[in-house]
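What follows is the content of model-v8.cif (mmCIF, C-alpha atoms (C1' of nucleotides) and all ligand atoms).
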data_model
loop_
_atom_site.label_atom_id
_atom_site.label_comp_id
_atom_site.auth_asym_id
_atom_site.auth_seq_id
_atom_site.Cartn_x
_atom_site.Cartn_y
_atom_site.Cartn_z
CA MET A 26 0.00 0.00 0.00
CA SER A 27 2.87 2.35 0.72
CA GLU A 28 4.98 0.98 -2.09
CA ASN A 29 6.47 2.94 -4.94
CA LEU A 30 6.67 6.18 -3.04
CA ALA A 31 9.65 8.52 -2.93
CA PRO A 32 10.79 9.91 0.43
CA ASP A 33 8.48 12.79 1.17
CA SER A 34 11.09 15.28 2.33
CA SER A 35 12.07 16.42 -1.14
CA LEU A 36 8.60 16.26 -2.67
CA GLN A 37 7.61 19.61 -1.22
CA GLN A 38 10.72 21.15 -2.71
CA GLN A 39 10.11 19.43 -6.03
CA MET A 40 6.55 20.78 -6.19
CA GLU A 41 7.82 24.29 -5.64
CA THR A 42 10.36 23.94 -8.41
CA PHE A 43 7.56 22.60 -10.60
CA GLU A 44 5.30 25.54 -9.89
CA GLU A 45 8.12 27.96 -10.52
CA THR A 46 8.92 26.33 -13.85
CA CYS A 47 5.27 26.50 -14.90
CA ARG A 48 5.02 30.16 -14.04
CA THR A 49 8.20 30.94 -15.93
CA ALA A 50 6.96 28.98 -18.95
CA ASP A 51 3.50 30.56 -18.84
CA LEU A 52 1.86 27.24 -18.08
CA LYS A 53 -1.31 27.68 -16.08
CA LEU A 54 -1.25 25.95 -12.73
CA THR A 55 -4.35 23.84 -13.07
CA HIS A 56 -5.52 21.35 -10.50
CA GLN A 57 -4.98 18.58 -13.04
CA ARG A 58 -1.39 19.56 -13.76
CA LEU A 59 -0.51 19.84 -10.11
CA GLU A 60 -1.99 16.47 -9.26
CA ILE A 61 -0.55 14.68 -12.27
CA TYR A 62 2.89 16.03 -11.53
CA ARG A 63 2.62 15.26 -7.82
CA GLU A 64 1.51 11.70 -8.49
CA LEU A 65 4.39 11.10 -10.89
CA ALA A 66 6.92 12.72 -8.57
CA ARG A 67 5.73 10.51 -5.71
CA ALA A 68 6.08 7.36 -7.77
CA THR A 69 9.28 5.40 -8.01
CA ASP A 70 7.98 2.87 -10.50
CA HIS A 71 7.93 4.77 -13.80
CA PRO A 72 4.17 4.44 -14.44
CA SER A 73 2.40 4.58 -17.79
CA ALA A 74 -0.17 7.26 -18.58
CA GLU A 75 -2.90 4.74 -17.93
CA THR A 76 -1.48 3.70 -14.57
CA LEU A 77 -1.18 7.33 -13.52
CA HIS A 78 -4.75 7.94 -14.64
CA THR A 79 -5.96 5.03 -12.53
CA ARG A 80 -4.06 6.22 -9.48
CA LEU A 81 -5.53 9.70 -9.88
CA GLN A 82 -9.14 8.52 -10.02
CA LYS A 83 -9.44 9.03 -6.28
CA SER A 84 -8.28 12.61 -6.20
CA LEU A 85 -9.59 13.63 -9.63
CA PRO A 86 -12.56 11.44 -10.51
CA THR A 87 -13.37 13.33 -13.71
CA LEU A 88 -9.80 13.45 -15.07
CA SER A 89 -9.63 12.18 -18.63
CA LEU A 90 -6.91 9.89 -19.89
CA ASP A 91 -6.35 12.31 -22.73
CA THR A 92 -5.48 15.03 -20.26
CA VAL A 93 -2.90 12.76 -18.69
CA TYR A 94 -1.28 12.12 -22.07
CA ARG A 95 -1.48 15.76 -23.11
CA THR A 96 -0.17 17.01 -19.80
CA LEU A 97 2.73 14.58 -19.77
CA ALA A 98 3.64 15.68 -23.31
CA THR A 99 3.58 19.30 -22.19
CA PHE A 100 5.72 18.51 -19.17
CA GLU A 101 8.15 16.65 -21.37
CA GLN A 102 8.55 19.63 -23.67
CA HIS A 103 9.40 21.72 -20.65
CA HIS A 104 11.83 19.13 -19.30
CA LEU A 105 9.70 18.49 -16.24
CA VAL A 106 9.31 14.78 -16.95
CA LYS A 107 10.99 12.20 -19.15
CA LYS A 108 9.73 9.31 -21.20
CA VAL A 109 11.55 6.15 -20.18
CA GLN A 110 13.04 4.03 -22.95
CA THR A 111 11.49 0.59 -22.87
CA VAL A 112 10.50 -2.17 -25.20
CA ASP A 113 6.90 -1.90 -24.00
CA SER A 114 3.93 -0.82 -26.09
CA GLN A 115 2.83 1.66 -23.44
CA ALA A 116 5.10 4.60 -22.72
CA HIS A 117 6.48 4.96 -19.20
CA PHE A 118 7.25 8.24 -17.46
CA GLU A 119 9.26 9.66 -14.59
CA ALA A 120 9.68 13.03 -12.91
CA GLN A 121 13.15 12.15 -11.68
CA MET A 122 15.30 14.36 -13.89
CA SER A 123 18.72 13.98 -12.30
CA GLN A 124 21.27 11.58 -13.72
CA HIS A 125 20.50 7.95 -12.96
CA HIS A 126 20.16 4.56 -14.62
CA HIS A 127 17.62 1.75 -14.86
CA VAL A 128 17.39 -1.92 -13.99
CA ILE A 129 14.45 -3.65 -15.61
CA CYS A 130 13.06 -7.01 -14.59
CA ASP A 131 12.13 -8.83 -17.79
CA SER A 132 9.69 -10.94 -15.84
CA CYS A 133 7.56 -8.44 -13.89
CA LYS A 134 8.63 -5.42 -15.98
CA GLU A 135 9.47 -3.39 -12.89
CA ILE A 136 11.82 -0.51 -13.64
CA MET A 137 14.10 0.58 -10.82
CA ASP A 138 16.50 3.49 -10.53
CA PHE A 139 20.12 3.18 -9.55
CA HIS A 140 23.14 5.45 -9.42
CA TRP A 141 26.61 4.84 -10.78
CA ASN A 142 28.86 7.82 -10.33
CA SER A 143 32.03 6.16 -11.54
CA PHE A 144 30.30 5.36 -14.81
CA ASP A 145 28.92 8.87 -15.09
CA SER A 146 32.41 10.30 -14.95
CA THR A 147 34.00 7.81 -17.33
CA PRO A 148 34.88 9.33 -20.70
CA LEU A 149 33.30 7.85 -23.80
CA PRO A 150 35.27 5.71 -26.26
CA GLU A 151 37.37 7.73 -28.71
CA ASP A 152 35.52 6.89 -31.90
CA LEU A 153 32.28 8.37 -30.54
CA ARG A 154 33.72 11.84 -30.13
CA GLN A 155 33.30 12.58 -33.80
CA TRP A 156 29.73 11.31 -33.97
CA GLY A 157 28.21 14.63 -32.95
CA ALA A 158 27.14 16.45 -29.80
CA ILE A 159 26.42 14.05 -26.98
CA ARG A 160 23.80 15.09 -24.46
CA ASN A 161 23.72 12.16 -22.08
CA LYS A 162 24.72 8.56 -21.57
CA ASN A 163 22.75 6.00 -19.62
CA VAL A 164 22.97 2.39 -18.63
CA THR A 165 20.06 -0.02 -18.80
CA ILE A 166 20.33 -3.36 -17.12
CA HIS A 167 18.06 -6.28 -17.82
CA GLY A 168 17.57 -9.35 -15.71
CA THR A 169 15.24 -11.04 -13.25
CA CYS A 170 14.59 -9.39 -9.92
CA ARG A 171 14.89 -11.29 -6.66
CA LYS A 172 11.13 -11.42 -6.20
CA CYS A 173 10.60 -13.06 -9.57
CA GLN A 174 13.49 -15.45 -9.01
CA ASP A 175 11.91 -16.57 -5.76
CA VAL A 176 8.51 -17.05 -7.33
CA LYS A 177 10.05 -19.17 -10.04
CA ALA A 178 11.88 -21.21 -7.42
CA GLY A 179 8.58 -21.78 -5.59
CA LYS A 180 9.60 -19.81 -2.51
CA LYS A 181 7.10 -17.90 -0.41
CA PRO A 182 7.64 -14.15 -0.10
CA ALA A 183 9.18 -12.98 3.20
CA MET B 13 21.44 3.91 -52.12
CA SER B 14 24.04 1.65 -50.62
CA GLU B 15 23.54 3.04 -47.15
CA ASN B 16 22.64 1.12 -44.04
CA LEU B 17 24.21 -2.10 -45.18
CA ALA B 18 26.44 -4.35 -43.14
CA PRO B 19 29.63 -5.70 -44.67
CA ASP B 20 28.60 -8.66 -46.77
CA SER B 21 31.35 -11.05 -45.72
CA SER B 22 29.63 -12.19 -42.56
CA LEU B 23 26.08 -12.13 -43.92
CA GLN B 24 26.50 -15.51 -45.58
CA GLN B 25 27.68 -16.97 -42.30
CA GLN B 26 24.85 -15.30 -40.43
CA MET B 27 22.26 -16.74 -42.81
CA GLU B 28 23.65 -20.20 -42.24
CA THR B 29 23.46 -19.81 -38.49
CA PHE B 30 19.91 -18.55 -38.94
CA GLU B 31 18.89 -21.57 -41.01
CA GLU B 32 20.50 -23.90 -38.53
CA THR B 33 18.65 -22.27 -35.63
CA CYS B 34 15.35 -22.55 -37.48
CA ARG B 35 15.89 -26.22 -38.19
CA THR B 36 16.80 -26.91 -34.59
CA ALA B 37 13.75 -25.00 -33.38
CA ASP B 38 11.41 -26.66 -35.87
CA LEU B 39 10.70 -23.40 -37.62
CA LYS B 40 9.92 -23.91 -41.28
CA LEU B 41 12.29 -22.17 -43.63
CA THR B 42 9.79 -20.16 -45.60
CA HIS B 43 10.71 -17.68 -48.29
CA GLN B 44 9.23 -14.89 -46.15
CA ARG B 45 11.27 -15.78 -43.09
CA LEU B 46 14.48 -16.02 -45.06
CA GLU B 47 13.95 -12.68 -46.75
CA ILE B 48 12.79 -10.87 -43.62
CA TYR B 49 15.78 -12.14 -41.69
CA ARG B 50 18.21 -11.35 -44.51
CA GLU B 51 16.86 -7.83 -44.89
CA LEU B 52 17.19 -7.17 -41.16
CA ALA B 53 20.64 -8.71 -40.99
CA ARG B 54 21.77 -6.51 -43.89
CA ALA B 55 20.49 -3.36 -42.24
CA THR B 56 22.54 -1.29 -39.83
CA ASP B 57 19.80 1.19 -39.03
CA HIS B 58 17.47 -0.73 -36.70
CA PRO B 59 14.37 -0.53 -38.90
CA SER B 60 10.75 -0.73 -37.77
CA ALA B 61 8.44 -3.48 -38.99
CA GLU B 62 6.89 -1.02 -41.40
CA THR B 63 10.25 0.07 -42.80
CA LEU B 64 11.29 -3.55 -43.28
CA HIS B 65 7.99 -4.25 -44.99
CA THR B 66 8.55 -1.37 -47.38
CA ARG B 67 12.09 -2.51 -48.19
CA LEU B 68 10.83 -6.02 -48.89
CA GLN B 69 8.15 -4.94 -51.35
CA LYS B 70 10.60 -5.43 -54.20
CA SER B 71 11.56 -8.99 -53.41
CA LEU B 72 8.23 -10.05 -51.88
CA PRO B 73 5.45 -7.93 -53.39
CA THR B 74 2.68 -9.87 -51.66
CA LEU B 75 4.24 -9.91 -48.20
CA SER B 76 1.82 -8.64 -45.56
CA LEU B 77 2.80 -6.29 -42.77
CA ASP B 78 1.25 -8.73 -40.35
CA THR B 79 3.69 -11.40 -41.44
CA VAL B 80 6.56 -9.05 -40.75
CA TYR B 81 5.31 -8.40 -37.23
CA ARG B 82 4.50 -12.05 -36.60
CA THR B 83 7.80 -13.24 -37.99
CA LEU B 84 9.83 -10.74 -36.00
CA ALA B 85 7.99 -11.83 -32.85
CA THR B 86 8.81 -15.44 -33.63
CA PHE B 87 12.45 -14.58 -34.26
CA GLU B 88 12.57 -12.66 -31.01
CA GLN B 89 11.30 -15.65 -29.06
CA HIS B 90 14.08 -17.71 -30.57
CA HIS B 91 16.67 -15.03 -29.85
CA LEU B 92 17.33 -14.44 -33.52
CA VAL B 93 16.46 -10.75 -33.35
CA LYS B 94 16.04 -8.13 -30.64
CA LYS B 95 13.63 -5.29 -30.11
CA VAL B 96 15.56 -2.09 -29.61
CA GLN B 97 14.62 0.07 -26.63
CA THR B 98 13.48 3.47 -27.83
CA VAL B 99 11.06 6.18 -26.88
CA ASP B 100 9.38 5.83 -30.27
CA SER B 101 5.84 4.66 -30.88
CA GLN B 102 7.01 2.17 -33.51
CA ALA B 103 9.18 -0.71 -32.37
CA HIS B 104 12.66 -1.02 -33.89
CA PHE B 105 14.49 -4.26 -34.55
CA GLU B 106 17.97 -5.62 -35.13
CA ALA B 107 19.54 -8.96 -35.98
CA GLN B 108 22.86 -7.99 -34.41
CA MET B 109 22.86 -10.16 -31.30
CA SER B 110 26.41 -9.68 -30.03
CA GLN B 111 27.14 -7.21 -27.26
CA HIS B 112 27.04 -3.60 -28.39
CA HIS B 113 25.54 -0.24 -27.50
CA HIS B 114 23.51 2.51 -29.16
CA VAL B 115 23.88 6.19 -29.97
CA ILE B 116 20.63 7.83 -30.92
CA CYS B 117 20.28 11.17 -32.65
CA ASP B 118 17.32 12.93 -31.07
CA SER B 119 16.93 15.01 -34.20
CA CYS B 120 16.87 12.47 -37.06
CA LYS B 121 16.20 9.46 -34.78
CA GLU B 122 19.04 7.48 -36.35
CA ILE B 123 20.23 4.64 -34.14
CA MET B 124 23.87 3.63 -34.50
CA ASP B 125 25.83 0.77 -32.99
CA PHE B 126 29.07 1.19 -31.13
CA HIS B 127 31.34 -1.01 -29.07
CA TRP B 128 32.84 -0.33 -25.67
CA ASN B 129 34.83 -3.26 -24.37
CA SER B 130 36.18 -1.51 -21.30
CA PHE B 131 32.62 -0.79 -20.21
CA ASP B 132 31.53 -4.34 -20.95
CA SER B 133 34.16 -5.70 -18.59
CA THR B 134 33.51 -3.20 -15.79
CA PRO B 135 31.79 -4.73 -12.77
CA LEU B 136 28.45 -3.30 -11.71
CA PRO B 137 28.08 -1.17 -8.59
CA GLU B 138 27.89 -3.17 -5.37
CA ASP B 139 24.30 -2.42 -4.41
CA LEU B 140 23.01 -3.93 -7.64
CA ARG B 141 24.40 -7.37 -6.91
CA GLN B 142 21.51 -8.16 -4.59
CA TRP B 143 18.82 -6.96 -6.99
CA GLY B 144 18.56 -10.31 -8.76
CA ALA B 145 20.07 -12.11 -11.73
CA ILE B 146 21.50 -9.70 -14.26
CA ARG B 147 21.44 -10.77 -17.87
CA ASN B 148 22.99 -7.83 -19.66
CA LYS B 149 23.97 -4.20 -19.33
CA ASN B 150 23.89 -1.65 -22.12
CA VAL B 151 24.66 1.98 -22.70
CA THR B 152 22.43 4.31 -24.66
CA ILE B 153 23.73 7.67 -25.70
CA HIS B 154 21.54 10.53 -26.83
CA GLY B 155 22.63 13.60 -28.72
CA THR B 156 22.66 15.25 -32.10
CA CYS B 157 24.61 13.62 -34.91
CA ARG B 158 27.09 15.53 -37.05
CA LYS B 159 24.74 15.57 -40.01
CA CYS B 160 21.94 17.19 -38.03
CA GLN B 161 24.34 19.65 -36.41
CA ASP B 162 25.51 20.75 -39.86
CA VAL B 163 21.97 21.13 -41.13
CA LYS B 164 21.10 23.29 -38.16
CA ALA B 165 24.21 25.37 -38.78
CA GLY B 166 23.15 25.86 -42.38
CA LYS B 167 26.08 23.93 -43.84
CA LYS B 168 25.86 21.96 -47.05
CA PRO B 169 26.52 18.23 -46.86
CA ALA B 170 29.97 17.14 -48.08
"C1'" DT C 11 2.84 -37.42 -55.11
"C1'" DT C 12 0.17 -36.98 -51.22
"C1'" DC C 13 -0.62 -35.64 -46.51
"C1'" DT C 14 -0.36 -32.73 -42.68
"C1'" DC C 15 0.37 -28.97 -39.98
"C1'" DG C 16 2.47 -24.76 -39.38
"C1'" DG C 17 2.66 -20.38 -42.00
"C1'" DT C 18 0.58 -16.78 -44.70
"C1'" DA C 19 -2.59 -12.96 -46.43
"C1'" DA C 20 -6.49 -10.14 -45.81
"C1'" DG C 21 -9.33 -7.87 -43.26
"C1'" DA C 22 -11.36 -7.24 -38.71
"C1'" DA C 23 -10.27 -6.20 -34.07
"C1'" DT C 24 -7.65 -4.29 -30.27
"C1'" DT C 25 -4.68 -1.20 -27.94
"C1'" DA C 26 -2.26 3.09 -27.40
"C1'" DT C 27 -2.29 7.67 -28.42
"C1'" DT C 28 -3.90 12.00 -30.52
"C1'" DC C 29 -7.29 15.15 -32.53
"C1'" DT C 30 -11.73 17.96 -32.68
"C1'" DT C 31 -14.89 20.64 -30.48
"C1'" DA C 32 -17.75 22.54 -27.02
"C1'" DT C 33 -17.21 23.98 -22.40
"C1'" DT C 34 -14.69 25.42 -18.38
"C1'" DT C 35 -11.10 27.63 -15.74
"C1'" DG C 36 -6.89 30.31 -14.39
"C1'" DC C 37 -5.64 34.60 -13.96
"C1'" DA C 38 -5.01 39.42 -15.49
"C1'" DT C 39 -7.42 43.57 -15.10
"C1'" DA C 40 -11.07 46.87 -13.99
"C1'" DT D 13 -15.48 41.07 -6.55
"C1'" DA D 14 -16.83 41.06 -11.50
"C1'" DT D 15 -15.42 40.59 -16.42
"C1'" DG D 16 -12.86 39.00 -20.42
"C1'" DC D 17 -10.29 35.85 -22.76
"C1'" DA D 18 -6.76 32.69 -24.02
"C1'" DA D 19 -5.40 28.37 -22.50
"C1'" DA D 20 -6.81 23.98 -20.68
"C1'" DT D 21 -10.06 20.30 -20.14
"C1'" DA D 22 -13.52 16.35 -21.08
"C1'" DA D 23 -15.77 13.50 -24.22
"C1'" DG D 24 -15.96 11.19 -28.04
"C1'" DA D 25 -14.17 10.55 -32.68
"C1'" DA D 26 -10.12 9.59 -35.19
"C1'" DT D 27 -5.62 7.66 -36.12
"C1'" DA D 28 -1.59 4.74 -35.60
"C1'" DA D 29 0.57 0.51 -34.22
"C1'" DT D 30 0.03 -4.06 -33.44
"C1'" DT D 31 -2.48 -8.42 -33.02
"C1'" DC D 32 -6.27 -11.68 -33.93
"C1'" DT D 33 -9.40 -14.66 -36.90
"C1'" DT D 34 -10.04 -17.42 -40.62
"C1'" DA D 35 -9.61 -19.64 -44.93
"C1'" DC D 36 -6.12 -20.97 -47.91
"C1'" DC D 37 -1.36 -22.41 -49.01
"C1'" DG D 38 3.09 -24.66 -49.21
"C1'" DA D 39 7.36 -26.89 -46.78
"C1'" DG D 40 8.86 -31.01 -45.70
"C1'" DA D 41 7.89 -35.83 -44.19
"C1'" DA D 42 6.50 -40.27 -45.82
MN MN E 1 14.16 6.44 -13.43
MN MN E 2 22.16 -2.27 -32.55
ZN ZN E 3 10.57 -9.09 -11.37
ZN ZN E 4 20.75 13.19 -36.72
#

Show me the file's structure as structure tokens.
Ligand SMILES: [Mn+2]
Ligand SMILES: [Mn+2]
Ligand SMILES: [Zn+2]
Ligand SMILES: [Zn+2]
Amino acid sequence: MSENLAPDSSLQQQMETFEETCRTADLKLTHQRLEIYRELARATDHPSAETLHTRLQKSLPTLSLDTVYRTLATFEQHHLVKKVQTVDSQAHFEAQMSQHHHVICDSCKEIMDFHWNSFDSTPLPEDLRQWGAIRNKNVTIHGTCRKCQDVKAGKKPA
Amino acid sequence: MSENLAPDSSLQQQMETFEETCRTADLKLTHQRLEIYRELARATDHPSAETLHTRLQKSLPTLSLDTVYRTLATFEQHHLVKKVQTVDSQAHFEAQMSQHHHVICDSCKEIMDFHWNSFDSTPLPEDLRQWGAIRNKNVTIHGTCRKCQDVKAGKKPA
DNA sequence: TTCTCGGTAAGAATTATTCTTATTTGCATA
DNA sequence: TATGCAAATAAGAATAATTCTTACCGAGAA
């Protein structure tokens, strides 16, 4: 029930930054935008538009799925959220904009964040320098998470 | 016209491996499967199903798009091709199964391969070890390729 | 050559996302 | 606080990407 939530301490701060960015960009601070952003910022599981929409039913019962899509697209243009690269048919989103990487469980599809500073500061291979202007480099790891391994092995969850 | 082609030397070998895998897996060697695989193996640009279908019109005028999708899915199950992780709505595919990484131009969407052996042999950060069983780790780089930089700068192509 | 079953093509169906339009709302201003 | 208006929203239609259904076909075994 309290899964997939980021520590609350920074959320307040993040909401303020969000509101500031909206004001600067002349984006109206609607109830929908605030709640969509808050819900995504709270999540640690990189939800799809549909998942977000479902989670928001409680607080915004009349919210349309289209608004979720449209709002996320707007946020993306303003670098407030990112689309996560996956092999899924549904797009996944995150509000976590600072440098990090992803581990994906191919079994349950869960996407988790992790940090890797030594990688971040490693220079790229020579032959890439001439490719063009590089904006960022990220690692994606695929495998089977502990939970799914245990299920497959017939173990009960702790 | 001769763009996006892999060096031909290994293609012959790759086709033989493909045929062998099909036989072992009890997959019938149909004309469609051979041509779809060959076309993908020849490509270096990670085409979508639709792009592949278009390219195959010449050699297989009656080939349906559905067959391309279905065949690629079958190949994927047998580890003959991979879906490439992108942020695109269309899925992209490749027949290049050996370890490599991707640079993506956010402007023209071109996906290029590159190799990075020193990365490949670098151990993962400690805290990931307990996550589960890791199958592979890959780097994705985003930026703007030289071509697109030049276009933006108003330069003529060489 | 015949048989059989997996594979294919065509079109219908589904799923994910975006567009159109009428209505509402944030917010600047009086 | 009331008014005006552009921007944002909801609802449903439309589109795009992918998959399903079904009748026919052809690869490979016998
Ligand atoms: Mn993330
Ligand atoms: Mn590749
Ligand atoms: Zn899992
Ligand atoms: Zn480019």

Restrict the calculation to all atoms listed in the file, then for each residue of chain D with any atom at most 8 Å from an atom of chain B give the closest atom pair and their distance in Å to one decimal, rows by chain and rising residue number, as a tab-separated table.
residue	atom	partner	partner_atom	distance
D:DA29	C1'	B:Gln102	CA	6.7
D:DT30	C1'	B:Tyr81	CA	7.8
D:DA39	C1'	B:Lys40	CA	6.8

(message) Residues proximal to (19.4, -7.5, -10.3) were defined as those with any atom within 8 Å of that point in the file's coordinates, counting only C-alpha atoms (C1' of nucleotides). Which are they, as a list in words?
(response) Val128, Cys130, His167, Gly168, Thr169, Cys170 and Arg171 of chain A; Leu140, Arg141, Gln142, Trp143, Gly144, Ala145 and Ile146 of chain B

Quick one: 8 Å padding each side, axis-aligned, all listed atoms of segment 145-161 of chain B - centre and edge lengths in Å to one decimal, as JSON?
{"center_x": 23.6, "center_y": 3.8, "center_z": -25.9, "size_x": 23.0, "size_y": 47.8, "size_z": 44.3}

Counting all atoms listed in the file, collect the residues of chain B whose closest atom lies at most 12 Å from chain A, and write them out as a short mmCIF file (atom, residue, chain, number, x, y, z; two decimals) with C-alpha atoms, in the coordinates of the input.
data_model
loop_
_atom_site.label_atom_id
_atom_site.label_comp_id
_atom_site.auth_asym_id
_atom_site.auth_seq_id
_atom_site.Cartn_x
_atom_site.Cartn_y
_atom_site.Cartn_z
CA LYS B 94 16.04 -8.13 -30.64
CA LYS B 95 13.63 -5.29 -30.11
CA VAL B 96 15.56 -2.09 -29.61
CA GLN B 97 14.62 0.07 -26.63
CA THR B 98 13.48 3.47 -27.83
CA VAL B 99 11.06 6.18 -26.88
CA ASP B 100 9.38 5.83 -30.27
CA SER B 101 5.84 4.66 -30.88
CA GLN B 102 7.01 2.17 -33.51
CA ALA B 103 9.18 -0.71 -32.37
CA HIS B 104 12.66 -1.02 -33.89
CA PHE B 105 14.49 -4.26 -34.55
CA HIS B 113 25.54 -0.24 -27.50
CA HIS B 114 23.51 2.51 -29.16
CA VAL B 115 23.88 6.19 -29.97
CA ILE B 116 20.63 7.83 -30.92
CA CYS B 117 20.28 11.17 -32.65
CA ASP B 118 17.32 12.93 -31.07
CA SER B 119 16.93 15.01 -34.20
CA GLU B 122 19.04 7.48 -36.35
CA ILE B 123 20.23 4.64 -34.14
CA MET B 124 23.87 3.63 -34.50
CA ASP B 125 25.83 0.77 -32.99
CA PHE B 126 29.07 1.19 -31.13
CA HIS B 127 31.34 -1.01 -29.07
CA TRP B 128 32.84 -0.33 -25.67
CA ASN B 129 34.83 -3.26 -24.37
CA SER B 130 36.18 -1.51 -21.30
CA PHE B 131 32.62 -0.79 -20.21
CA ASP B 132 31.53 -4.34 -20.95
CA THR B 134 33.51 -3.20 -15.79
CA PRO B 135 31.79 -4.73 -12.77
CA LEU B 136 28.45 -3.30 -11.71
CA PRO B 137 28.08 -1.17 -8.59
CA GLU B 138 27.89 -3.17 -5.37
CA ASP B 139 24.30 -2.42 -4.41
CA LEU B 140 23.01 -3.93 -7.64
CA ARG B 141 24.40 -7.37 -6.91
CA GLN B 142 21.51 -8.16 -4.59
CA TRP B 143 18.82 -6.96 -6.99
CA GLY B 144 18.56 -10.31 -8.76
CA ALA B 145 20.07 -12.11 -11.73
CA ILE B 146 21.50 -9.70 -14.26
CA ARG B 147 21.44 -10.77 -17.87
CA ASN B 148 22.99 -7.83 -19.66
CA LYS B 149 23.97 -4.20 -19.33
CA ASN B 150 23.89 -1.65 -22.12
CA VAL B 151 24.66 1.98 -22.70
CA THR B 152 22.43 4.31 -24.66
CA ILE B 153 23.73 7.67 -25.70
CA HIS B 154 21.54 10.53 -26.83
CA GLY B 155 22.63 13.60 -28.72
CA THR B 156 22.66 15.25 -32.10
CA CYS B 157 24.61 13.62 -34.91
CA ARG B 158 27.09 15.53 -37.05
CA LYS B 159 24.74 15.57 -40.01
CA CYS B 160 21.94 17.19 -38.03
CA GLN B 161 24.34 19.65 -36.41
CA ASP B 162 25.51 20.75 -39.86
#

(message) With 10 Å as the limit and counting all atoms listed in the file, what residues in chain C lie close to chain B? Please list them as a PyMOL selection string.
(response) chain C and resi 16-20+26-27

(message) Would you compute the distance between atom CA of Thr56 of chain B and atom CA of Thr86 of chain B? Give it in Å to one decimal.
(response) 20.7 Å

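Between atom CA of Glu119 of chain A and atom CA of Pro72 of chain A there is a distance of 7.3 Å.
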
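From atom CA of Leu84 of chain B back to atom CA of Phe30 of chain B, the distance works out to 13.1 Å.
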
(request) Using all atoms listed in the file, determine which residues lie at most 12 Å from DA22 of chain C, disregarding the query and same-chain residues fewer than 4 positions distant; provide the list as a PyMOL selection string. (result) chain D and resi 31-34

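For the set B:Met109, B:Val163, B:Leu52, B:Ala37, the residue with the smallest atom-to-atom gap to ligand ZN 4 (chain E) is B:Val163, counting only C-alpha atoms and all ligand atoms.
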
(request) Please identify all polymer residues within 12 Å of Arg80 of chain A, counting all atoms listed in the file, omitting same-chain residues fewer than 5 positions from it, and present them as a VMD selection string. (result) chain A and resid 29 60 to 61 63 to 65 67 to 68 72 to 75 85 to 86 88 90 93

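Considering all atoms listed in the file, the residue among B:Lys164, B:Leu68, B:Gln89, B:Tyr49 positioned nearest to ligand ZN 4 (chain E) is B:Lys164.
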
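In terms of minimum interatomic distance to DG40 of chain D, B:Arg35 ranks closest within B:Cys120, B:Arg35, B:Ala85, B:Thr66, counting all atoms listed in the file.
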
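Closest to ligand MN 1 (chain E) among A:Leu77, A:Ala66, A:Cys47, A:Leu59 is A:Ala66, based on all atoms listed in the file.
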